[in-house]
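Q: Provided herewith is a single structure, encoded as structure tokens, for subsequent inquiry.
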Amino acid sequence: MNDMRPMERKVDTKEIKFDCRNVQVYYGDTQAIKNVDVKLEDRTVTAFIGPSGCGKSTFLRCLNRMNDTIDICRVEGNLLLDGEDIYDRRVDPVQLRAKVGMVFQKPNPFPKSIYDNIAYGPRIHGLARNKADLDDIVEKSLRRGAIWDEVKDRLDSPGTGLSGGQQQRLCIARAVATEPEVLLMDEPCSALDPIATAQVEELIDELRENFSVVIVTHSMQQAARVSQKTAFFHLGSLVEFGETGAIFTNPKDPRTESYITGRIG
Amino acid sequence: MTDASLHGAAPRKGRSIHQIDARTRRRNATEARFKACGIAAIAIGLFFLVVLAVAIIRNGTPAFTRTVVEVNFTLTQAQFDEAESQLFKTKAYSGFFNSALADQLTQQGIEVAFDEASIERLMGKVGNAIREHYTAHPGDLDAPVTFNLPTSSRVDGYFNGRVKRETLQDSRFLEATDLDLADQLKAAGIIKSEFNWPFITGADSGVDNPGGAGIGASVVGSFFMMLVVLGLSLPIGVAASIYLEEFAPQNWITDLIEVNISNLAAVPSIVFGILGLAVFIQFMHLPQSAPLVGGLVLTLMTLPTIIISTRASLKSVPPSIRDAALGVGASKMQAVFHHVLPLAMPGILTGTIIGLAQALGETAPLLLIGMVGFVARGYPDGFLDGFVEPNSAMPAQIYTWAARADQAFYDKAWGGIIILLIFLLTMNIIAIILRRRFERRW
């Protein structure tokens, strides 16, 4: 980890998890996302980079229909998760979100105990048959969130009492507790210090074993460190998408090059 | 690029920060003036508050004491039978009382001349109270009983300083010699002051008996009204605000509803009163003067307050909590009921209690549905009767007393205000404690 030589990383071809075709997103009359076509692979970390307001977060929130909570937001095009259109009339967003978990920019643990924070998702989805089951899920999730050792003695204390980095790892543990297949992360490290960031990045790399991870980030170094694929958004369009190594060392589009060298953004 | 460099103005140099320039001085003066204005405003407010509190306490405390005549009394079975056989029974009892009083005075070695008429002027007709006691407790016959019989409201007023010797000139109810007698009895320890429990526990009395008037029954009336208000306005108000805040689409209909709720909060209470009269009593034929009707009217008045405060506290829950819940796959309703509502609870409770306190002190609508202008003489017979039996409510009772001619009722009105204020203060303190206790930080 923290290997700054992305070129040497081995990337094998995997199944397509998300197939997005011709996606348009409108907020009222303004178009936030224009003609985005992208295929996100399973068990891969895909980074969305781009200047502020370029639509990367909007696009991320389309992937589990979190934009549904915004009244004026309208999505067109096809977003296929394992071949099924997630904007199909038959899809219940609640079921979708159990399959596509999300971690937010600001750590947002529930003002409840650490245990209840993790147990909430499994409880409402009925993943545990009894208390012992639930205990197992909580422990497993906290271990996956790389926070078990720090909180195992105080599962009853409030989740809001943890430090920022711990809170964010708690939120990640909470997201994986519902056994999602895709994990969306909206700038998960922007509120964290470098040490906490390193811990979360390490965690993301481990999560790749089981999940397909999509991460929005403002830090190009972070994108280079954690992702295998990178998508560069600019003014609502997907400018370039490809192997992370290729994007950072040999960008095809001049706008990508300008951005990663710091001339725009 | 700033303007200064554009126009080539040279930076000002050589200014000492130890010298206060005119501009800073003016600014500081403005600030000092504003502070003074603020302090003056608070002082004026405090002044009026103190004046109000002093006036209420000074005028209201007499209602909490009463003057009683303490007499040791023994009624034999023979006397009881004799009195019961007479045509004017209570008069016989009055006679027994007078002789008992005379005996007691002689025992204590006090020479006071009095006649039956002056005792009647001091204490009203005492025979009835004594007869009631012995018919209710026949076991007390042939045994000494200590009676604390209330004096008439004028004697009460004399010892409270409301009735002056000089203003008695033409009164046929009380003469100057009676006051001499009262003074002597007081000196002998037979007339004494005690805490006026009947004022707190009793029901209203007729216009001719201010001494016997109590606020207890109307406290019960207010209690039943508050039950109705709480039982209706809390669920309806909370349900309406959760729907409007969390579920309703943002369109012109919800905007219209929102504006109207705000307008309803500002509708004068008398309007709700006449609405209640027309709808609940004249159209639905609910009983007049019943706490149920009062509660329904006050519910209408309290709803906007509760809806507005509930929506405000729902709004103050950070959206990140909703995102978090939706993000782990909770439905919208689960997100609201599991996470948003518990966080908004202290605000909702505070708003509700403040709404209730407002309703408790509301008088105007009660005037129109007939909770004044009659004597609420008794307590309801049972719990359910409490809702439908005609009763008064605290503010309505106070209004009734204040409107009566007898000066003694004036004291009662002030005393009633103290009781009402104690209830209001208690409710507000509960609201503050709830807010402190359940407030969670995140």
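Residue numbering restarts at 1 in every chain; chains get A, B, ... in the order shown in the structure tokens, and ligands count up from 1 in that same order.
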Looking only at strand (DSSP E or B) from DSSP on the backbone, list the matching residues of stretch 29-259 of chain A as a PyMOL selection string.
A: chain A and resi 30-41+45-49+73-81+84-85+100-103+113+158+182-186+212-216+229-234+237-243
Q: Please return, as a ChimeraX atom specification, all residues of chain A lying within 9 Å of chain B when only C-alpha atoms are considered.
A: /A:64,66,71,93-104,106-111,120-122,124-125,160-161,171,174-178
Q: Among stretch 142-314 of chain B, which ones does DSSP place in helix (DSSP H, G or I), written as a PyMOL selection string?
A: chain B and resi 153-160+165-168+176-187+197-201+210-212+216-247+252-265+269-283+291-314
Q: With only C-alpha atoms as the counted atoms, please give the residues lying no more than 10 Å from B:Phe224, apart from itself and same-chain residues fewer than 5 positions off, as an NGL selection string.
A: :B and (218-219 or 229-230 or 290-292 or 294-295 or 383-388 or 391 or 393)
Q: Emit the selected residues as an mmCIF file, in the first residue's frame, including all heavy atoms.
A:
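To be explicit, this is the file written out as part39.cif:
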```cif
data_model
loop_
_atom_site.group_PDB
_atom_site.id
_atom_site.type_symbol
_atom_site.label_atom_id
_atom_site.label_comp_id
_atom_site.auth_asym_id
_atom_site.auth_seq_id
_atom_site.Cartn_x
_atom_site.Cartn_y
_atom_site.Cartn_z
ATOM 1 N N SER B 218 -62.357 24.116 39.335
ATOM 2 C CA SER B 218 -61.957 24.611 38.016
ATOM 3 C C SER B 218 -60.561 24.131 37.649
ATOM 4 O O SER B 218 -60.239 24.007 36.463
ATOM 5 C CB SER B 218 -62.045 26.132 37.954
ATOM 6 O OG SER B 218 -61.370 26.695 39.038
ATOM 7 N N VAL B 219 -59.716 23.830 38.660
ATOM 8 C CA VAL B 219 -58.440 23.188 38.346
ATOM 9 C C VAL B 219 -58.712 21.844 37.686
ATOM 10 O O VAL B 219 -58.100 21.491 36.675
ATOM 11 C CB VAL B 219 -57.577 22.999 39.618
ATOM 12 C CG1 VAL B 219 -56.374 22.128 39.318
ATOM 13 C CG2 VAL B 219 -57.119 24.333 40.164
ATOM 14 N N VAL B 229 -56.715 18.348 25.039
ATOM 15 C CA VAL B 229 -55.778 19.057 24.157
ATOM 16 C C VAL B 229 -54.561 18.186 23.872
ATOM 17 O O VAL B 229 -54.143 18.011 22.722
ATOM 18 C CB VAL B 229 -55.337 20.395 24.799
ATOM 19 C CG1 VAL B 229 -54.291 21.059 23.945
ATOM 20 C CG2 VAL B 229 -56.529 21.309 24.965
ATOM 21 N N LEU B 230 -54.004 17.598 24.946
ATOM 22 C CA LEU B 230 -52.806 16.776 24.767
ATOM 23 C C LEU B 230 -53.113 15.562 23.902
ATOM 24 O O LEU B 230 -52.392 15.247 22.959
ATOM 25 C CB LEU B 230 -52.291 16.333 26.134
ATOM 26 C CG LEU B 230 -50.950 15.599 26.132
ATOM 27 C CD1 LEU B 230 -49.850 16.560 25.728
ATOM 28 C CD2 LEU B 230 -50.656 15.026 27.508
ATOM 29 N N ALA B 290 -68.816 22.234 28.822
ATOM 30 C CA ALA B 290 -68.119 21.003 29.161
ATOM 31 C C ALA B 290 -66.635 21.132 28.823
ATOM 32 O O ALA B 290 -66.277 21.719 27.810
ATOM 33 C CB ALA B 290 -68.709 19.834 28.395
ATOM 34 N N PRO B 291 -65.766 20.578 29.673
ATOM 35 C CA PRO B 291 -64.338 20.611 29.375
ATOM 36 C C PRO B 291 -64.006 19.965 28.024
ATOM 37 O O PRO B 291 -63.037 20.351 27.383
ATOM 38 C CB PRO B 291 -63.724 19.798 30.525
ATOM 39 C CG PRO B 291 -64.665 19.983 31.646
ATOM 40 C CD PRO B 291 -66.020 20.055 31.028
ATOM 41 N N LEU B 292 -64.831 19.000 27.602
ATOM 42 C CA LEU B 292 -64.596 18.377 26.299
ATOM 43 C C LEU B 292 -64.614 19.423 25.188
ATOM 44 O O LEU B 292 -63.712 19.479 24.346
ATOM 45 C CB LEU B 292 -65.680 17.316 26.043
ATOM 46 C CG LEU B 292 -65.656 16.665 24.660
ATOM 47 C CD1 LEU B 292 -64.400 15.838 24.494
ATOM 48 C CD2 LEU B 292 -66.893 15.801 24.448
ATOM 49 N N GLY B 294 -64.345 22.708 25.557
ATOM 50 C CA GLY B 294 -63.233 23.629 25.771
ATOM 51 C C GLY B 294 -61.944 23.040 25.232
ATOM 52 O O GLY B 294 -61.162 23.723 24.553
ATOM 53 N N GLY B 295 -61.731 21.747 25.511
ATOM 54 C CA GLY B 295 -60.521 21.083 25.045
ATOM 55 C C GLY B 295 -60.449 21.042 23.530
ATOM 56 O O GLY B 295 -59.392 21.273 22.936
ATOM 57 N N PHE B 383 -64.507 9.877 36.263
ATOM 58 C CA PHE B 383 -63.493 10.310 35.309
ATOM 59 C C PHE B 383 -64.127 10.739 33.990
ATOM 60 O O PHE B 383 -63.836 11.809 33.471
ATOM 61 C CB PHE B 383 -62.490 9.186 35.078
ATOM 62 C CG PHE B 383 -61.366 9.588 34.193
ATOM 63 C CD1 PHE B 383 -60.348 10.408 34.679
ATOM 64 C CD2 PHE B 383 -61.312 9.185 32.874
ATOM 65 C CE1 PHE B 383 -59.311 10.794 33.872
ATOM 66 C CE2 PHE B 383 -60.274 9.579 32.061
ATOM 67 C CZ PHE B 383 -59.270 10.380 32.562
ATOM 68 N N LEU B 384 -65.031 9.905 33.455
ATOM 69 C CA LEU B 384 -65.614 10.237 32.158
ATOM 70 C C LEU B 384 -66.550 11.434 32.266
ATOM 71 O O LEU B 384 -66.644 12.246 31.346
ATOM 72 C CB LEU B 384 -66.345 9.030 31.588
ATOM 73 C CG LEU B 384 -65.405 7.929 31.103
ATOM 74 C CD1 LEU B 384 -66.197 6.738 30.586
ATOM 75 C CD2 LEU B 384 -64.471 8.452 30.007
ATOM 76 N N ASP B 385 -67.232 11.534 33.428
ATOM 77 C CA ASP B 385 -68.108 12.687 33.627
ATOM 78 C C ASP B 385 -67.318 13.981 33.589
ATOM 79 O O ASP B 385 -67.831 15.029 33.239
ATOM 80 C CB ASP B 385 -68.831 12.577 34.981
ATOM 81 C CG ASP B 385 -69.792 11.405 35.005
ATOM 82 O OD1 ASP B 385 -70.399 11.164 33.946
ATOM 83 O OD2 ASP B 385 -69.911 10.743 36.038
ATOM 84 N N GLY B 386 -66.046 13.888 33.984
ATOM 85 C CA GLY B 386 -65.187 15.073 34.003
ATOM 86 C C GLY B 386 -65.134 15.759 32.655
ATOM 87 O O GLY B 386 -64.943 16.967 32.571
ATOM 88 N N PHE B 387 -65.314 14.974 31.576
ATOM 89 C CA PHE B 387 -65.221 15.583 30.246
ATOM 90 C C PHE B 387 -66.513 16.290 29.844
ATOM 91 O O PHE B 387 -66.469 17.263 29.111
ATOM 92 C CB PHE B 387 -64.895 14.512 29.196
ATOM 93 C CG PHE B 387 -63.507 13.957 29.325
ATOM 94 C CD1 PHE B 387 -63.296 12.686 29.819
ATOM 95 C CD2 PHE B 387 -62.413 14.718 28.949
ATOM 96 C CE1 PHE B 387 -62.016 12.183 29.935
ATOM 97 C CE2 PHE B 387 -61.129 14.224 29.061
ATOM 98 C CZ PHE B 387 -60.926 12.954 29.557
ATOM 99 N N VAL B 388 -67.646 15.752 30.288
ATOM 100 C CA VAL B 388 -68.914 16.264 29.751
ATOM 101 C C VAL B 388 -69.730 17.081 30.749
ATOM 102 O O VAL B 388 -70.604 17.824 30.347
ATOM 103 C CB VAL B 388 -69.787 15.110 29.206
ATOM 104 C CG1 VAL B 388 -69.168 14.563 27.941
ATOM 105 C CG2 VAL B 388 -69.951 14.003 30.238
ATOM 106 N N ASN B 391 -68.388 22.476 33.780
ATOM 107 C CA ASN B 391 -67.396 22.862 34.775
ATOM 108 C C ASN B 391 -66.776 24.167 34.304
ATOM 109 O O ASN B 391 -66.977 24.587 33.167
ATOM 110 C CB ASN B 391 -66.332 21.762 34.895
ATOM 111 C CG ASN B 391 -65.578 21.861 36.211
ATOM 112 O OD1 ASN B 391 -65.600 22.903 36.858
ATOM 113 N ND2 ASN B 391 -64.925 20.786 36.583
ATOM 114 N N ALA B 393 -63.075 26.547 34.131
ATOM 115 C CA ALA B 393 -61.648 26.311 34.013
ATOM 116 C C ALA B 393 -60.973 27.455 34.741
ATOM 117 O O ALA B 393 -61.599 28.479 35.003
ATOM 118 C CB ALA B 393 -61.240 26.283 32.555
#
```
Q: Determine the nearest neighbour of A:Ile260 from the options A:Lys229, A:Lys112, A:Arg129, A:His218, counting only C-alpha atoms.
A: A:His218
Q: Which residues are near A:Gly236? Cut-off 7 Å, only C-alpha atoms, ignore same chain within fewer than 2 positions. Put them as JSON, numbers by chain.
A: {"A": [32, 33, 34, 54, 55, 233, 234, 238]}
Q: B:Gly38, B:Thr74, B:Ala376, B:Thr302: which is nearest B:Leu234, counting only C-alpha atoms?
A: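 Looking at the shortest contact to B:Leu234, the residue is B:Thr302.
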Q: May I ask for the distance between atom CA of B:Ile44 and atom CA of B:Ala266, given in Å to one decimal place?
A: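 If I compute the distance from atom CA of B:Ile44 to atom CA of B:Ala266, I get 26.5 Å.
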